[in-house]
$ cat protein.csv   # CSV, C-alpha atoms
chain,number,residue,atom,x,y,z
A,7,MET,CA,108.0,69.2,72.0
A,8,ARG,CA,107.1,71.0,75.3
A,9,ARG,CA,103.4,71.5,75.9
A,10,ARG,CA,102.7,75.3,76.2
A,11,ALA,CA,99.4,76.8,77.2
A,12,CYS,CA,98.0,78.9,80.0
A,13,SER,CA,94.5,79.5,81.2
A,14,CYS,CA,93.8,82.5,83.3
A,15,SER,CA,90.9,81.5,85.5
A,16,VAL,CA,88.7,84.1,87.1
A,17,ALA,CA,86.0,84.1,89.7
A,18,SER,CA,82.7,85.6,88.8
A,19,PRO,CA,82.2,88.6,86.7
A,20,GLY,CA,81.4,91.9,88.4
A,21,GLU,CA,78.4,94.1,87.7
A,22,ALA,CA,80.3,96.1,85.0
A,23,SER,CA,81.4,93.0,83.2
A,24,LEU,CA,77.9,91.4,83.3
A,25,ALA,CA,76.4,94.6,82.0
A,26,GLN,CA,78.8,94.8,79.1
A,27,GLY,CA,79.1,91.1,78.4
A,28,GLN,CA,82.9,91.4,78.6
A,29,TYR,CA,85.6,90.1,81.0
A,30,TYR,CA,87.1,92.8,83.2
A,31,ALA,CA,84.9,95.6,81.9
A,32,HIS,CA,85.3,97.8,85.0
A,33,ARG,CA,87.6,100.6,84.0
A,34,GLN,CA,89.6,100.4,87.2
A,35,ASN,CA,90.3,96.7,87.0
A,36,LYS,CA,93.9,96.2,86.0
A,37,PHE,CA,93.5,92.8,84.3
A,38,TRP,CA,94.0,94.0,80.7
A,39,GLN,CA,96.9,96.2,81.7
A,40,LEU,CA,98.6,93.4,83.7
A,41,VAL,CA,98.3,90.8,81.0
A,42,GLY,CA,99.3,93.4,78.3
A,43,ASP,CA,102.4,94.2,80.3
A,44,VAL,CA,103.2,90.5,80.7
A,45,ILE,CA,102.8,89.7,76.9
A,46,GLU,CA,104.2,93.2,75.9
A,47,ARG,CA,101.1,94.2,74.0
A,48,ASP,CA,98.8,97.3,74.4
A,49,LEU,CA,95.6,95.4,75.2
A,50,ILE,CA,93.9,98.6,76.6
A,51,GLY,CA,94.1,100.3,73.2
A,52,MET,CA,92.4,97.4,71.4
A,53,GLU,CA,88.7,96.7,70.9
A,54,TYR,CA,87.4,93.8,73.0
A,55,PRO,CA,87.4,91.1,70.3
A,56,ALA,CA,91.0,92.0,69.4
A,57,ARG,CA,92.0,91.6,73.0
A,58,LEU,CA,90.5,88.1,73.1
A,59,ASP,CA,92.3,87.2,69.9
A,60,THR,CA,95.6,88.5,71.2
A,61,LEU,CA,95.2,86.4,74.3
A,62,LEU,CA,94.6,83.3,72.2
A,63,GLU,CA,97.6,84.1,70.1
A,64,HIS,CA,99.6,84.0,73.3
A,65,ARG,CA,98.0,80.8,74.4
A,66,ILE,CA,96.0,82.4,77.2
A,67,GLY,CA,92.3,81.6,77.7
A,68,LEU,CA,89.8,83.0,80.1
A,69,TRP,CA,87.3,81.0,82.1
A,70,ASP,CA,84.9,81.8,85.0
A,71,VAL,CA,85.2,79.3,87.8
A,72,VAL,CA,81.8,80.4,89.0
A,73,ALA,CA,78.8,79.7,86.8
A,74,GLU,CA,76.2,81.5,88.9
A,75,ALA,CA,76.0,82.9,92.4
A,76,GLN,CA,74.3,85.3,94.7
A,77,ARG,CA,76.3,88.5,95.2
A,78,ILE,CA,75.5,92.0,96.1
A,79,GLY,CA,78.0,94.3,94.3
A,80,SER,CA,81.1,93.1,92.6
A,81,LEU,CA,83.4,91.9,95.4
A,82,ASP,CA,84.3,88.2,95.2
A,83,SER,CA,84.2,88.1,99.0
A,84,ARG,CA,80.4,88.6,98.7
A,85,ILE,CA,79.9,85.5,96.5
A,86,ARG,CA,77.3,83.2,98.2
A,87,ASN,CA,75.6,80.0,97.1
A,88,HIS,CA,77.8,79.6,94.0
A,89,ALA,CA,77.6,76.9,91.5
A,90,SER,CA,81.0,76.1,89.8
A,91,ASN,CA,81.5,76.0,86.1
A,92,ASP,CA,82.6,72.6,84.8
A,93,LEU,CA,86.4,73.3,84.9
A,94,ILE,CA,87.2,69.5,84.8
A,95,SER,CA,85.4,69.1,81.4
A,96,LEU,CA,87.2,72.2,80.1
A,97,VAL,CA,90.7,71.1,81.0
A,98,GLU,CA,90.0,67.7,79.6
A,99,THR,CA,89.4,69.3,76.2
A,100,LEU,CA,92.8,71.1,76.4
A,101,PRO,CA,95.5,68.4,76.0
A,102,ASN,CA,98.3,71.0,75.8
A,103,LEU,CA,97.3,72.8,78.9
A,104,VAL,CA,100.2,73.0,81.4
A,105,ALA,CA,99.2,75.8,83.8
A,106,ILE,CA,96.1,77.4,85.3
A,107,ALA,CA,96.4,80.8,86.7
A,108,PHE,CA,93.8,82.1,89.2
A,109,ASN,CA,93.1,85.9,89.3
A,110,GLY,CA,93.0,86.3,93.1
A,111,GLY,CA,92.4,84.2,96.2
A,112,THR,CA,88.7,83.5,95.7
A,113,ALA,CA,89.1,82.2,92.2
A,114,ALA,CA,92.1,80.0,93.4
A,115,LYS,CA,90.1,78.6,96.3
A,116,ILE,CA,87.1,77.7,94.2
A,117,GLY,CA,89.1,76.5,91.2
A,118,MET,CA,91.4,74.3,93.2
A,119,LYS,CA,88.5,72.7,95.0
A,120,VAL,CA,86.8,71.9,91.7
A,121,LEU,CA,90.0,70.5,90.2
A,122,GLY,CA,90.6,68.2,93.2
A,123,GLU,CA,93.2,65.5,92.4
A,124,LYS,CA,93.4,66.6,88.8
A,125,ALA,CA,95.2,69.8,90.0
A,126,GLU,CA,98.4,67.7,90.3
A,127,ARG,CA,98.5,67.6,86.5
A,128,TYR,CA,99.0,71.4,86.1
A,129,GLN,CA,101.2,74.2,87.3
A,130,LEU,CA,98.8,76.2,89.5
A,131,VAL,CA,99.5,79.9,89.8
A,132,ARG,CA,97.6,82.2,92.3
A,133,LEU,CA,98.0,85.7,90.9
A,134,PRO,CA,97.4,88.9,92.9
A,135,SER,CA,93.9,90.0,92.1
A,136,SER,CA,93.6,92.6,89.4
A,137,SER,CA,90.5,94.0,91.1
A,138,PRO,CA,90.6,97.7,92.2
A,139,ALA,CA,89.2,96.3,95.5
A,140,TYR,CA,92.5,94.6,96.2
A,141,ALA,CA,94.6,97.6,97.0
A,142,ALA,CA,96.8,96.0,99.6
A,143,ILE,CA,99.7,96.0,97.1
A,144,SER,CA,100.8,98.4,94.4
A,145,TYR,CA,100.4,97.9,90.6
A,146,GLU,CA,104.2,97.2,90.4
A,147,GLU,CA,103.9,94.4,93.1
A,148,LYS,CA,100.9,92.9,91.2
A,149,LEU,CA,102.8,93.0,88.0
A,150,ALA,CA,105.8,91.2,89.6
A,151,GLY,CA,103.4,88.4,90.5
A,152,TRP,CA,101.8,88.3,87.1
A,153,ARG,CA,105.2,88.2,85.3
A,154,ARG,CA,105.5,84.6,86.6
A,155,LEU,CA,103.3,83.8,83.7
A,156,ARG,CA,106.2,84.5,81.4
A,157,ASP,CA,108.0,81.4,82.7
A,158,ILE,CA,105.1,79.2,81.6

$ encode --input "protein.csv" --output "structure tokens"
Amino acid sequence: MRRRACSCSVASPGEASLAQGQYYAHRQNKFWQLVGDVIERDLIGMEYPARLDTLLEHRIGLWDVVAEAQRIGSLDSRIRNHASNDLISLVETLPNLVAIAFNGGTAAKIGMKVLGEKAERYQLVRLPSSSPAYAAISYEEKLAGWRRLRDI
């Protein structure tokens, strides 16, 4: 039997997410729309707990690679003096994990550094950031990158 699981790894939550205690709470962040389009479910129309349950049903987990940091505002580029979450311990509790997807370059940089040699065990996917601050490419271009998750 093929092992199937995916973990979408994020950097550090922004101000809106911290205030609401929810991942990707900023209304302009496209995370929920992107993942919803990938798994073909209307996550935007769901209450937050139902969104999380739906992700788990599709074998997608969420994890912050940053445990704490100094940052003014919500831009990942402003993260300073960060402490990483224990990603190694997390992945060791997930024997069926085959891939780790990073939402943007900062999450990828931090997460891959934390994983070190253990990164070789997994398919690592650097996704275009869902952040509204990453406007270098269109939603359609971001979605094309995120659709790579379907192959996992």

$ atom_distance --input "protein.csv" --atom1 "CA of Thr112 in chain A" --atom2 "CA of Arg153 in chain A"
20.1 Å

$ closest_residue --input "protein.csv" --among "A:Ala105, A:Pro138, A:Tyr54, A:Gly151" --to "Glu126 in chain A" --atoms "only C-alpha atoms"
A:Ala105

$ closest_residue --input "protein.csv" --among "A:Asn109, A:Thr60, A:Ser144, A:Thr99" --to "Gly42 in chain A" --atoms "all atoms listed in the file"
A:Thr60

$ atom_distance --input "protein.csv" --atom1 "CA of Ala114 in chain A" --atom2 "CA of Ser136 in chain A"
13.3 Å

$ atom_distance --input "protein.csv" --atom1 "CA of Ala31 in chain A" --atom2 "CA of Leu155 in chain A"
21.9 Å

$ residues_near_point --input "protein.csv" --point "(102.2, 94.2, 78.9)" --cutoff "12 Å" --atoms "all atoms listed in the file" --output "compact mmCIF listing (two decimals) with C-alpha atoms, in the coordinates of the input"
# COMPACT_ATOMS: atom_id res chain seq x y z
CA LYS A 36 93.90 96.20 86.00
CA PHE A 37 93.50 92.80 84.30
CA TRP A 38 94.00 94.00 80.70
CA GLN A 39 96.90 96.20 81.70
CA LEU A 40 98.60 93.40 83.70
CA VAL A 41 98.30 90.80 81.00
CA GLY A 42 99.30 93.40 78.30
CA ASP A 43 102.40 94.20 80.30
CA VAL A 44 103.20 90.50 80.70
CA ILE A 45 102.80 89.70 76.90
CA GLU A 46 104.20 93.20 75.90
CA ARG A 47 101.10 94.20 74.00
CA ASP A 48 98.80 97.30 74.40
CA LEU A 49 95.60 95.40 75.20
CA ILE A 50 93.90 98.60 76.60
CA GLY A 51 94.10 100.30 73.20
CA THR A 60 95.60 88.50 71.20
CA LEU A 61 95.20 86.40 74.30
CA HIS A 64 99.60 84.00 73.30
CA LEU A 149 102.80 93.00 88.00
CA ALA A 150 105.80 91.20 89.60
CA TRP A 152 101.80 88.30 87.10
CA ARG A 153 105.20 88.20 85.30
CA LEU A 155 103.30 83.80 83.70
CA ARG A 156 106.20 84.50 81.40

$ residues_around --input "protein.csv" --residues "Gly117 in chain A" --least-positions-apart "2" --cutoff "8 Å" --atoms "only C-alpha atoms" --output "PyMOL selection string"
chain A and resi 15+71+93+108+113-115+119-121

$ closest_residue --input "protein.csv" --among "A:Ala107, A:Arg154, A:Gln34, A:Glu98" --to "Asp70 in chain A" --atoms "only C-alpha atoms"
A:Ala107

$ residues_near_point --input "protein.csv" --point "(91.2, 73.7, 82.1)" --cutoff "12 Å" --atoms "only C-alpha atoms" --output "mmCIF file with C-alpha atoms, in the frame of the given file"
data_model
loop_
_atom_site.group_PDB
_atom_site.id
_atom_site.type_symbol
_atom_site.label_atom_id
_atom_site.label_comp_id
_atom_site.auth_asym_id
_atom_site.auth_seq_id
_atom_site.Cartn_x
_atom_site.Cartn_y
_atom_site.Cartn_z
ATOM 1 C CA ALA A 11 99.400 76.800 77.200
ATOM 2 C CA CYS A 12 98.000 78.900 80.000
ATOM 3 C CA SER A 13 94.500 79.500 81.200
ATOM 4 C CA CYS A 14 93.800 82.500 83.300
ATOM 5 C CA SER A 15 90.900 81.500 85.500
ATOM 6 C CA VAL A 16 88.700 84.100 87.100
ATOM 7 C CA ILE A 66 96.000 82.400 77.200
ATOM 8 C CA GLY A 67 92.300 81.600 77.700
ATOM 9 C CA LEU A 68 89.800 83.000 80.100
ATOM 10 C CA TRP A 69 87.300 81.000 82.100
ATOM 11 C CA ASP A 70 84.900 81.800 85.000
ATOM 12 C CA VAL A 71 85.200 79.300 87.800
ATOM 13 C CA ASN A 91 81.500 76.000 86.100
ATOM 14 C CA ASP A 92 82.600 72.600 84.800
ATOM 15 C CA LEU A 93 86.400 73.300 84.900
ATOM 16 C CA ILE A 94 87.200 69.500 84.800
ATOM 17 C CA SER A 95 85.400 69.100 81.400
ATOM 18 C CA LEU A 96 87.200 72.200 80.100
ATOM 19 C CA VAL A 97 90.700 71.100 81.000
ATOM 20 C CA GLU A 98 90.000 67.700 79.600
ATOM 21 C CA THR A 99 89.400 69.300 76.200
ATOM 22 C CA LEU A 100 92.800 71.100 76.400
ATOM 23 C CA PRO A 101 95.500 68.400 76.000
ATOM 24 C CA ASN A 102 98.300 71.000 75.800
ATOM 25 C CA LEU A 103 97.300 72.800 78.900
ATOM 26 C CA VAL A 104 100.200 73.000 81.400
ATOM 27 C CA ALA A 105 99.200 75.800 83.800
ATOM 28 C CA ILE A 106 96.100 77.400 85.300
ATOM 29 C CA ALA A 107 96.400 80.800 86.700
ATOM 30 C CA PHE A 108 93.800 82.100 89.200
ATOM 31 C CA GLY A 117 89.100 76.500 91.200
ATOM 32 C CA MET A 118 91.400 74.300 93.200
ATOM 33 C CA VAL A 120 86.800 71.900 91.700
ATOM 34 C CA LEU A 121 90.000 70.500 90.200
ATOM 35 C CA LYS A 124 93.400 66.600 88.800
ATOM 36 C CA ALA A 125 95.200 69.800 90.000
ATOM 37 C CA ARG A 127 98.500 67.600 86.500
ATOM 38 C CA TYR A 128 99.000 71.400 86.100
ATOM 39 C CA GLN A 129 101.200 74.200 87.300
ATOM 40 C CA LEU A 130 98.800 76.200 89.500
#

$ closest_residue --input "protein.csv" --among "A:Asn35, A:Glu63, A:Asp157, A:Pro55" --to "Tyr140 in chain A" --atoms "all atoms listed in the file"
A:Asn35
